[in-house]
file data_14.cif (mmCIF, N, CA and C atoms and all ligand atoms)
data_input
loop_
_atom_site.label_atom_id
_atom_site.label_comp_id
_atom_site.auth_asym_id
_atom_site.auth_seq_id
_atom_site.Cartn_x
_atom_site.Cartn_y
_atom_site.Cartn_z
N MET A 1 114.47 98.49 75.08
CA MET A 1 114.54 99.67 75.96
C MET A 1 115.99 100.14 76.10
N GLU A 2 116.20 101.45 76.00
CA GLU A 2 117.52 102.04 76.26
C GLU A 2 117.75 102.07 77.77
N LYS A 3 119.04 102.23 78.15
CA LYS A 3 119.38 102.20 79.57
C LYS A 3 118.59 103.23 80.39
N ASN A 4 118.44 104.44 79.83
CA ASN A 4 117.69 105.46 80.56
C ASN A 4 116.23 105.07 80.77
N GLU A 5 115.66 104.43 79.76
CA GLU A 5 114.27 103.97 79.89
C GLU A 5 114.17 102.88 80.95
N ILE A 6 115.20 102.00 80.98
CA ILE A 6 115.20 100.93 82.00
C ILE A 6 115.27 101.56 83.39
N ILE A 7 116.15 102.54 83.55
CA ILE A 7 116.28 103.21 84.86
C ILE A 7 114.95 103.86 85.26
N ASN A 8 114.30 104.55 84.32
CA ASN A 8 113.01 105.19 84.63
C ASN A 8 111.96 104.15 85.00
N SER A 9 111.97 103.06 84.27
CA SER A 9 111.01 101.99 84.52
C SER A 9 111.25 101.37 85.90
N LEU A 10 112.52 101.13 86.23
CA LEU A 10 112.85 100.55 87.55
C LEU A 10 112.50 101.52 88.67
N ASN A 11 112.61 102.82 88.40
CA ASN A 11 112.23 103.80 89.43
C ASN A 11 110.71 103.81 89.64
N ARG A 12 109.95 103.59 88.57
CA ARG A 12 108.49 103.45 88.74
C ARG A 12 108.18 102.23 89.60
N ASP A 13 108.89 101.12 89.32
CA ASP A 13 108.72 99.91 90.15
C ASP A 13 109.08 100.20 91.60
N LEU A 14 110.18 100.91 91.79
CA LEU A 14 110.66 101.19 93.15
C LEU A 14 109.63 102.03 93.92
N ARG A 15 109.05 103.05 93.25
CA ARG A 15 108.03 103.85 93.94
C ARG A 15 106.83 102.99 94.31
N ALA A 16 106.45 102.08 93.43
CA ALA A 16 105.32 101.19 93.72
C ALA A 16 105.67 100.27 94.89
N GLU A 17 106.92 99.79 94.95
CA GLU A 17 107.33 98.90 96.05
C GLU A 17 107.38 99.67 97.38
N LEU A 18 107.88 100.90 97.35
CA LEU A 18 107.93 101.71 98.58
C LEU A 18 106.51 102.00 99.05
N SER A 19 105.63 102.24 98.10
CA SER A 19 104.22 102.47 98.43
C SER A 19 103.61 101.19 99.04
N ALA A 20 103.94 100.04 98.45
CA ALA A 20 103.44 98.75 98.97
C ALA A 20 103.92 98.54 100.41
N VAL A 21 105.18 98.91 100.69
CA VAL A 21 105.71 98.78 102.05
C VAL A 21 104.86 99.60 103.03
N GLU A 22 104.51 100.83 102.63
CA GLU A 22 103.68 101.69 103.49
C GLU A 22 102.30 101.07 103.71
N ILE A 23 101.71 100.58 102.64
CA ILE A 23 100.35 100.02 102.72
C ILE A 23 100.35 98.77 103.59
N TYR A 24 101.29 97.84 103.33
CA TYR A 24 101.32 96.60 104.12
C TYR A 24 101.67 96.88 105.58
N SER A 25 102.52 97.88 105.84
CA SER A 25 102.84 98.21 107.24
C SER A 25 101.59 98.66 107.97
N ALA A 26 100.82 99.57 107.32
CA ALA A 26 99.60 100.08 107.95
C ALA A 26 98.61 98.94 108.17
N HIS A 27 98.47 98.07 107.18
CA HIS A 27 97.48 96.99 107.28
C HIS A 27 97.90 95.94 108.31
N ALA A 28 99.22 95.66 108.39
CA ALA A 28 99.69 94.66 109.36
C ALA A 28 99.31 95.08 110.78
N GLN A 29 99.32 96.40 111.02
CA GLN A 29 98.93 96.89 112.36
C GLN A 29 97.42 96.91 112.54
N ALA A 30 96.68 97.12 111.44
CA ALA A 30 95.23 97.31 111.55
C ALA A 30 94.46 96.00 111.55
N ILE A 31 95.01 94.94 110.94
CA ILE A 31 94.25 93.69 110.79
C ILE A 31 94.21 92.94 112.12
N LYS A 32 93.00 92.59 112.54
CA LYS A 32 92.80 91.97 113.86
C LYS A 32 93.06 90.45 113.83
N GLU A 33 92.75 89.81 112.69
CA GLU A 33 92.91 88.35 112.61
C GLU A 33 94.40 88.02 112.57
N ASP A 34 94.88 87.29 113.61
CA ASP A 34 96.32 87.12 113.76
C ASP A 34 96.97 86.41 112.56
N GLU A 35 96.35 85.36 112.07
CA GLU A 35 96.95 84.58 110.98
C GLU A 35 97.11 85.45 109.72
N ILE A 36 96.09 86.26 109.44
CA ILE A 36 96.15 87.12 108.25
C ILE A 36 97.20 88.22 108.47
N ALA A 37 97.24 88.80 109.67
CA ALA A 37 98.23 89.85 109.96
C ALA A 37 99.65 89.31 109.80
N GLN A 38 99.88 88.06 110.24
CA GLN A 38 101.22 87.45 110.10
C GLN A 38 101.58 87.27 108.62
N GLY A 39 100.60 86.84 107.82
CA GLY A 39 100.82 86.67 106.38
C GLY A 39 101.16 88.00 105.72
N VAL A 40 100.45 89.05 106.13
CA VAL A 40 100.69 90.39 105.58
C VAL A 40 102.10 90.86 105.95
N LYS A 41 102.52 90.56 107.19
CA LYS A 41 103.88 90.94 107.62
C LYS A 41 104.94 90.21 106.79
N ALA A 42 104.68 88.94 106.48
CA ALA A 42 105.63 88.18 105.65
C ALA A 42 105.74 88.80 104.26
N ILE A 43 104.60 89.20 103.69
CA ILE A 43 104.63 89.86 102.37
C ILE A 43 105.38 91.18 102.48
N LEU A 44 105.13 91.93 103.54
CA LEU A 44 105.80 93.22 103.76
C LEU A 44 107.32 93.07 103.67
N GLU A 45 107.86 92.02 104.30
CA GLU A 45 109.32 91.82 104.27
C GLU A 45 109.81 91.54 102.85
N VAL A 46 109.02 90.80 102.07
CA VAL A 46 109.40 90.52 100.67
C VAL A 46 109.41 91.83 99.87
N GLU A 47 108.41 92.70 100.10
CA GLU A 47 108.35 93.98 99.36
C GLU A 47 109.54 94.88 99.74
N ARG A 48 109.93 94.83 101.01
CA ARG A 48 111.14 95.58 101.42
C ARG A 48 112.35 95.10 100.64
N GLY A 49 112.47 93.78 100.50
CA GLY A 49 113.58 93.20 99.74
C GLY A 49 113.54 93.65 98.28
N HIS A 50 112.33 93.68 97.70
CA HIS A 50 112.20 94.15 96.31
C HIS A 50 112.70 95.59 96.19
N ALA A 51 112.30 96.43 97.12
CA ALA A 51 112.70 97.84 97.09
C ALA A 51 114.23 97.95 97.18
N GLN A 52 114.84 97.12 98.05
CA GLN A 52 116.30 97.16 98.19
C GLN A 52 117.00 96.70 96.91
N GLU A 53 116.48 95.64 96.30
CA GLU A 53 117.11 95.12 95.08
C GLU A 53 116.99 96.12 93.93
N LEU A 54 115.82 96.76 93.83
CA LEU A 54 115.62 97.77 92.78
C LEU A 54 116.56 98.95 92.99
N THR A 55 116.70 99.39 94.24
CA THR A 55 117.60 100.50 94.56
C THR A 55 119.02 100.17 94.12
N LYS A 56 119.47 98.96 94.45
CA LYS A 56 120.83 98.53 94.11
C LYS A 56 121.01 98.47 92.58
N ARG A 57 120.02 97.91 91.89
CA ARG A 57 120.15 97.77 90.42
C ARG A 57 120.16 99.14 89.74
N ILE A 58 119.31 100.07 90.22
CA ILE A 58 119.28 101.42 89.63
C ILE A 58 120.65 102.08 89.82
N GLU A 59 121.24 101.90 91.00
CA GLU A 59 122.57 102.48 91.25
C GLU A 59 123.62 101.84 90.35
N GLU A 60 123.55 100.53 90.18
CA GLU A 60 124.51 99.83 89.30
C GLU A 60 124.42 100.35 87.86
N LEU A 61 123.20 100.73 87.44
CA LEU A 61 123.00 101.24 86.08
C LEU A 61 123.35 102.73 85.97
N GLY A 62 123.75 103.32 87.10
CA GLY A 62 124.14 104.73 87.10
C GLY A 62 122.99 105.70 87.30
N GLY A 63 121.86 105.20 87.75
CA GLY A 63 120.69 106.06 87.98
C GLY A 63 120.59 106.52 89.42
N LEU A 64 119.62 107.39 89.65
CA LEU A 64 119.38 107.90 91.00
C LEU A 64 118.06 107.29 91.52
N PRO A 65 118.15 106.39 92.51
CA PRO A 65 116.94 105.70 92.96
C PRO A 65 115.98 106.61 93.74
N ALA A 66 114.67 106.40 93.54
CA ALA A 66 113.65 107.08 94.33
C ALA A 66 113.84 106.68 95.80
N LYS A 67 113.41 107.56 96.69
CA LYS A 67 113.59 107.29 98.12
C LYS A 67 112.26 107.27 98.85
N SER A 68 112.23 106.53 99.93
CA SER A 68 111.07 106.52 100.80
C SER A 68 110.83 107.94 101.33
N GLY A 69 109.57 108.37 101.40
CA GLY A 69 109.28 109.71 101.90
C GLY A 69 109.00 110.71 100.79
N GLU A 70 109.31 110.33 99.52
CA GLU A 70 108.95 111.20 98.40
C GLU A 70 107.43 111.14 98.20
N ALA A 71 106.94 112.04 97.35
CA ALA A 71 105.48 112.22 97.21
C ALA A 71 104.74 110.90 97.05
N GLU A 72 105.24 110.03 96.17
CA GLU A 72 104.46 108.83 95.86
C GLU A 72 104.37 107.86 97.03
N THR A 73 105.42 107.78 97.86
CA THR A 73 105.33 106.88 98.99
C THR A 73 104.52 107.51 100.12
N ARG A 74 104.51 108.83 100.19
CA ARG A 74 103.61 109.48 101.15
C ARG A 74 102.17 109.17 100.77
N LEU A 75 101.93 109.13 99.44
CA LEU A 75 100.61 108.74 98.96
C LEU A 75 100.30 107.33 99.43
N GLY A 76 101.32 106.43 99.31
CA GLY A 76 101.15 105.06 99.77
C GLY A 76 100.78 105.02 101.23
N LYS A 77 101.43 105.85 102.02
CA LYS A 77 101.14 105.89 103.45
C LYS A 77 99.70 106.35 103.69
N ALA A 78 99.28 107.39 102.96
CA ALA A 78 97.91 107.89 103.10
C ALA A 78 96.92 106.80 102.70
N LEU A 79 97.20 106.13 101.58
CA LEU A 79 96.31 105.06 101.13
C LEU A 79 96.26 103.93 102.13
N GLY A 80 97.45 103.57 102.64
CA GLY A 80 97.53 102.48 103.59
C GLY A 80 96.76 102.79 104.85
N VAL A 81 96.88 104.00 105.33
CA VAL A 81 96.20 104.39 106.56
C VAL A 81 94.70 104.49 106.31
N SER A 82 94.31 105.15 105.21
CA SER A 82 92.87 105.32 104.99
C SER A 82 92.21 103.98 104.72
N SER A 83 92.87 103.12 103.90
CA SER A 83 92.21 101.83 103.63
C SER A 83 92.32 100.92 104.86
N GLY A 84 93.27 101.22 105.76
CA GLY A 84 93.38 100.48 107.02
C GLY A 84 92.22 100.74 107.98
N GLU A 85 91.41 101.73 107.65
CA GLU A 85 90.22 101.98 108.48
C GLU A 85 89.04 101.13 108.03
N GLY A 86 89.21 100.44 106.90
CA GLY A 86 88.14 99.57 106.41
C GLY A 86 88.21 98.19 107.05
N SER A 87 87.41 97.27 106.53
CA SER A 87 87.41 95.91 107.05
C SER A 87 88.64 95.16 106.54
N THR A 88 88.93 94.02 107.15
CA THR A 88 90.04 93.18 106.67
C THR A 88 89.82 92.82 105.21
N LEU A 89 88.59 92.47 104.86
CA LEU A 89 88.29 92.10 103.46
C LEU A 89 88.61 93.26 102.52
N GLU A 90 88.23 94.47 102.90
CA GLU A 90 88.52 95.63 102.04
C GLU A 90 90.03 95.85 101.92
N MET A 91 90.75 95.68 103.01
CA MET A 91 92.21 95.84 102.96
C MET A 91 92.84 94.81 102.03
N LEU A 92 92.41 93.55 102.15
CA LEU A 92 92.98 92.49 101.31
C LEU A 92 92.65 92.73 99.83
N LYS A 93 91.45 93.23 99.55
CA LYS A 93 91.08 93.51 98.16
C LYS A 93 91.92 94.66 97.60
N PHE A 94 92.19 95.64 98.44
CA PHE A 94 93.04 96.76 98.02
C PHE A 94 94.46 96.26 97.73
N GLU A 95 94.98 95.41 98.63
CA GLU A 95 96.32 94.85 98.43
C GLU A 95 96.36 94.02 97.14
N LEU A 96 95.31 93.23 96.91
CA LEU A 96 95.27 92.40 95.69
C LEU A 96 95.33 93.27 94.44
N SER A 97 94.61 94.40 94.45
CA SER A 97 94.63 95.26 93.26
C SER A 97 96.04 95.80 93.00
N GLU A 98 96.79 96.08 94.08
CA GLU A 98 98.18 96.54 93.93
C GLU A 98 99.07 95.41 93.39
N GLU A 99 98.86 94.20 93.87
CA GLU A 99 99.65 93.05 93.39
C GLU A 99 99.34 92.77 91.92
N GLN A 100 98.07 92.88 91.55
CA GLN A 100 97.69 92.63 90.14
C GLN A 100 98.36 93.64 89.22
N GLN A 101 98.42 94.90 89.67
CA GLN A 101 99.10 95.92 88.87
C GLN A 101 100.60 95.63 88.77
N ALA A 102 101.19 95.19 89.89
CA ALA A 102 102.64 94.87 89.88
C ALA A 102 102.92 93.72 88.92
N ILE A 103 102.05 92.71 88.91
CA ILE A 103 102.23 91.56 87.99
C ILE A 103 102.23 92.06 86.55
N LYS A 104 101.29 92.95 86.23
CA LYS A 104 101.21 93.48 84.85
C LYS A 104 102.43 94.34 84.52
N ASP A 105 102.85 95.19 85.45
CA ASP A 105 103.99 96.08 85.19
C ASP A 105 105.28 95.28 85.01
N TYR A 106 105.53 94.31 85.92
CA TYR A 106 106.76 93.51 85.79
C TYR A 106 106.74 92.69 84.50
N SER A 107 105.57 92.13 84.17
CA SER A 107 105.47 91.32 82.94
C SER A 107 105.81 92.16 81.71
N ALA A 108 105.27 93.38 81.66
CA ALA A 108 105.50 94.25 80.50
C ALA A 108 106.98 94.59 80.39
N GLU A 109 107.63 94.85 81.51
CA GLU A 109 109.06 95.19 81.46
C GLU A 109 109.90 94.00 81.01
N ILE A 110 109.57 92.82 81.53
CA ILE A 110 110.30 91.61 81.14
C ILE A 110 110.14 91.40 79.63
N ALA A 111 108.94 91.67 79.12
CA ALA A 111 108.70 91.51 77.68
C ALA A 111 109.52 92.51 76.87
N ASP A 112 109.67 93.72 77.38
CA ASP A 112 110.23 94.81 76.56
C ASP A 112 111.75 94.96 76.64
N ILE A 113 112.37 94.55 77.78
CA ILE A 113 113.82 94.76 77.91
C ILE A 113 114.56 93.75 77.03
N MET A 114 115.51 94.24 76.25
CA MET A 114 116.20 93.39 75.27
C MET A 114 117.53 92.84 75.76
N TYR A 115 118.42 93.72 76.27
CA TYR A 115 119.82 93.31 76.41
C TYR A 115 120.35 93.33 77.84
N ASP A 116 119.47 93.37 78.82
CA ASP A 116 119.94 93.49 80.20
C ASP A 116 119.46 92.27 81.00
N THR A 117 120.24 91.17 80.89
CA THR A 117 119.79 89.91 81.50
C THR A 117 119.78 89.98 83.03
N SER A 118 120.67 90.78 83.64
CA SER A 118 120.67 90.90 85.11
C SER A 118 119.37 91.51 85.60
N THR A 119 118.95 92.59 84.91
CA THR A 119 117.70 93.23 85.31
C THR A 119 116.52 92.29 85.07
N ILE A 120 116.52 91.60 83.94
CA ILE A 120 115.40 90.69 83.64
C ILE A 120 115.31 89.58 84.70
N SER A 121 116.45 89.01 85.12
CA SER A 121 116.35 87.92 86.10
C SER A 121 115.84 88.44 87.45
N MET A 122 116.21 89.67 87.83
CA MET A 122 115.67 90.25 89.06
C MET A 122 114.15 90.45 88.92
N LEU A 123 113.72 90.99 87.77
CA LEU A 123 112.29 91.26 87.57
C LEU A 123 111.48 89.97 87.55
N LYS A 124 112.06 88.89 87.00
CA LYS A 124 111.36 87.60 86.99
C LYS A 124 111.12 87.10 88.41
N LYS A 125 112.13 87.28 89.26
CA LYS A 125 111.99 86.86 90.66
C LYS A 125 110.89 87.68 91.34
N HIS A 126 110.91 89.00 91.11
CA HIS A 126 109.87 89.85 91.70
C HIS A 126 108.49 89.44 91.20
N LEU A 127 108.41 89.18 89.88
CA LEU A 127 107.11 88.79 89.30
C LEU A 127 106.56 87.54 89.98
N MET A 128 107.43 86.52 90.17
CA MET A 128 106.96 85.28 90.80
C MET A 128 106.51 85.54 92.24
N ASP A 129 107.23 86.41 92.95
CA ASP A 129 106.81 86.77 94.32
C ASP A 129 105.43 87.42 94.29
N GLU A 130 105.21 88.36 93.36
CA GLU A 130 103.92 89.07 93.31
C GLU A 130 102.79 88.10 92.97
N ILE A 131 103.08 87.12 92.09
CA ILE A 131 102.05 86.11 91.77
C ILE A 131 101.72 85.31 93.03
N ASP A 132 102.74 84.93 93.81
CA ASP A 132 102.49 84.21 95.07
C ASP A 132 101.66 85.07 96.03
N HIS A 133 101.98 86.37 96.11
CA HIS A 133 101.22 87.26 97.01
C HIS A 133 99.76 87.33 96.57
N ALA A 134 99.55 87.48 95.25
CA ALA A 134 98.18 87.56 94.73
C ALA A 134 97.43 86.27 95.03
N ASP A 135 98.10 85.11 94.85
CA ASP A 135 97.45 83.82 95.13
C ASP A 135 97.02 83.74 96.59
N TRP A 136 97.92 84.13 97.49
CA TRP A 136 97.61 84.07 98.92
C TRP A 136 96.44 85.00 99.25
N LEU A 137 96.49 86.23 98.71
CA LEU A 137 95.40 87.19 98.97
C LEU A 137 94.08 86.66 98.43
N LYS A 138 94.09 86.09 97.22
CA LYS A 138 92.86 85.54 96.64
C LYS A 138 92.28 84.44 97.54
N SER A 139 93.16 83.59 98.08
CA SER A 139 92.66 82.50 98.93
C SER A 139 92.05 83.04 100.22
N LYS A 140 92.67 84.07 100.81
CA LYS A 140 92.12 84.66 102.04
C LYS A 140 90.81 85.39 101.75
N ILE A 141 90.76 86.09 100.61
CA ILE A 141 89.53 86.79 100.23
C ILE A 141 88.40 85.77 100.02
N ALA A 142 88.72 84.65 99.37
CA ALA A 142 87.70 83.62 99.13
C ALA A 142 87.14 83.10 100.47
N VAL A 143 88.03 82.89 101.44
CA VAL A 143 87.58 82.40 102.76
C VAL A 143 86.66 83.44 103.41
N LEU A 144 87.10 84.71 103.40
CA LEU A 144 86.31 85.76 104.05
C LEU A 144 84.97 85.96 103.35
N GLU A 145 84.93 85.70 102.04
CA GLU A 145 83.67 85.85 101.30
C GLU A 145 82.85 84.57 101.31
N GLY A 146 83.39 83.51 101.96
CA GLY A 146 82.68 82.24 102.00
C GLY A 146 82.62 81.55 100.65
N LYS A 147 83.62 81.83 99.81
CA LYS A 147 83.58 81.26 98.45
C LYS A 147 84.70 80.25 98.21
N GLN A 148 85.41 79.84 99.28
CA GLN A 148 86.51 78.91 99.03
C GLN A 148 85.99 77.57 98.60
N LYS A 149 86.78 76.91 97.71
CA LYS A 149 86.31 75.61 97.19
C LYS A 149 86.82 74.50 98.11
FE FE A 201 107.05 93.67 95.31
FE FE A 202 103.80 91.69 96.34
#
call {"tool": "encode", "arguments": {"input": "data_14.cif", "output": "structure tokens"}}
result
Amino acid sequence: MEKNEIINSLNRDLRAELSAVEIYSAHAQAIKEDEIAQGVKAILEVERGHAQELTKRIEELGGLPAKSGEAETRLGKALGVSSGEGSTLEMLKFELSEEQQAIKDYSAEIADIMYDTSTISMLKKHLMDEIDHADWLKSKIAVLEGKQK
């Protein structure tokens, strides 16, 4: 990937992270089960950190980082609010689908970037966080569906 492609790719990640922040914020307020709401809040803080790190890296590469409040994060807010009207199980399933997409997007970027080890090490950290989030969501979904082993 050329530097411009890396910047564009990181901006796509950043928009997804800003959207995740909106979704998790809405769900943290909507979820009634205290333990699950606390877990969602913990994930929310990690996603905020991801957005900050992506913003910093895009600036270091000379790019212009996407900002909260642009069209795509407003979409995140709308999605977060509308899916926040569903059940806890529906919210967790929606969050899981976002985490699964993030895992695939970060993996593809890590595979494709050739010469930017700083960006790759940041993306690897984000990828491991998203895998942890997906694992936690899967375990809570299994409990709510009565399918835990
Ligand atoms: Fe993230
Ligand atoms: Fe995540």
call {"tool": "residues_around", "arguments": {"input": "data_14.cif", "residues": "A:Ile131", "least_positions_apart": "6", "cutoff": "8 Å", "atoms": "all atoms listed in the file", "output": "list in words"}}
result
Glu99, Gln100, Ala102, Ile103, Lys125 and Leu137 of chain A
call {"tool": "closest_residue", "arguments": {"input": "data_14.cif", "among": "A:Glu33, A:Arg48, A:Ala111, A:Val40", "to": "ligand FE 201 (chain A)", "atoms": "all atoms listed in the file"}}
result
A:Arg48
call {"tool": "select_by_dssp", "arguments": {"input": "data_14.cif", "residues": "stretch 4-106 of chain A", "states": "alpha helix (DSSP H)", "output": "MDAnalysis selection string"}}
result
chainID A and resid 4:30 34:60 71:83 88:106
call {"tool": "closest_atom_pairs", "arguments": {"input": "data_14.cif", "of": "chain A", "to": "ligand FE 201 (chain A)", "cutoff": "7 Å", "atoms": "only C-alpha atoms and all ligand atoms", "output": "Markdown table"}}
result
| residue | atom | partner | partner_atom | distance |
| --- | --- | --- | --- | --- |
| A:Glu17 | CA | A:FE201 | FE | 5.3 |
| A:Val46 | CA | A:FE201 | FE | 6.6 |
| A:Glu47 | CA | A:FE201 | FE | 4.3 |
| A:His50 | CA | A:FE201 | FE | 5.3 |
| A:His126 | CA | A:FE201 | FE | 6.0 |
| A:Asp129 | CA | A:FE201 | FE | 7.0 |
| A:Glu130 | CA | A:FE201 | FE | 5.9 |
call {"tool": "write_last_selection", "arguments": {"input": "data_14.cif", "atoms": "N, CA and C atoms", "output": "PDB file, in the coordinates of the input"}}
result
ATOM      1  N   GLU A  17     106.920  99.790  94.950  1.00  0.00           N
ATOM      2  CA  GLU A  17     107.330  98.900  96.050  1.00  0.00           C
ATOM      3  C   GLU A  17     107.380  99.670  97.380  1.00  0.00           C
ATOM      4  N   VAL A  46     109.020  90.800 102.070  1.00  0.00           N
ATOM      5  CA  VAL A  46     109.400  90.520 100.670  1.00  0.00           C
ATOM      6  C   VAL A  46     109.410  91.830  99.870  1.00  0.00           C
ATOM      7  N   GLU A  47     108.410  92.700 100.100  1.00  0.00           N
ATOM      8  CA  GLU A  47     108.350  93.980  99.360  1.00  0.00           C
ATOM      9  C   GLU A  47     109.540  94.880  99.740  1.00  0.00           C
ATOM     10  N   HIS A  50     112.330  93.680  97.700  1.00  0.00           N
ATOM     11  CA  HIS A  50     112.200  94.150  96.310  1.00  0.00           C
ATOM     12  C   HIS A  50     112.700  95.590  96.190  1.00  0.00           C
ATOM     13  N   HIS A 126     110.910  89.000  91.110  1.00  0.00           N
ATOM     14  CA  HIS A 126     109.870  89.850  91.700  1.00  0.00           C
ATOM     15  C   HIS A 126     108.490  89.440  91.200  1.00  0.00           C
ATOM     16  N   ASP A 129     107.230  86.410  92.950  1.00  0.00           N
ATOM     17  CA  ASP A 129     106.810  86.770  94.320  1.00  0.00           C
ATOM     18  C   ASP A 129     105.430  87.420  94.290  1.00  0.00           C
ATOM     19  N   GLU A 130     105.210  88.360  93.360  1.00  0.00           N
ATOM     20  CA  GLU A 130     103.920  89.070  93.310  1.00  0.00           C
ATOM     21  C   GLU A 130     102.790  88.100  92.970  1.00  0.00           C
TER      22      GLU A 130
END
call {"tool": "closest_residue", "arguments": {"input": "data_14.cif", "among": "A:Ile141, A:Ala134, A:Thr55, A:Met114", "to": "ligand FE 202 (chain A)", "atoms": "only N, CA and C atoms and all ligand atoms"}}
result
A:Ala134
call {"tool": "residues_around", "arguments": {"input": "data_14.cif", "residues": "A:Val143", "least_positions_apart": "5", "cutoff": "12 Å", "atoms": "only C-alpha atoms", "output": "number ranges by chain"}}
result
A: 36, 88-89, 92, 136-138, 148-149
call {"tool": "closest_residue", "arguments": {"input": "data_14.cif", "among": "A:Ser68, A:Lys41, A:Met1, A:Asp132", "to": "ligand FE 202 (chain A)", "atoms": "all atoms listed in the file"}}
result
A:Asp132
call {"tool": "residues_around", "arguments": {"input": "data_14.cif", "residues": "A:Glu2", "least_positions_apart": "5", "cutoff": "8 Å", "atoms": "only N, CA and C atoms", "output": "PyMOL selection string"}}
result
chain A and resi 7-8+112-114
call {"tool": "atom_distance", "arguments": {"input": "data_14.cif", "atom1": "atom CA of A:Lys124", "atom2": "atom CA of A:Glu72"}}
result
24.0 Å
call {"tool": "atom_distance", "arguments": {"input": "data_14.cif", "atom1": "atom CA of A:Glu22", "atom2": "atom CA of A:Gly76"}}
result
5.6 Å
call {"tool": "closest_residue", "arguments": {"input": "data_14.cif", "among": "A:Met122, A:Ala20, A:Leu54, A:Leu75", "to": "ligand FE 202 (chain A)", "atoms": "only N, CA and C atoms and all ligand atoms"}}
result
A:Ala20
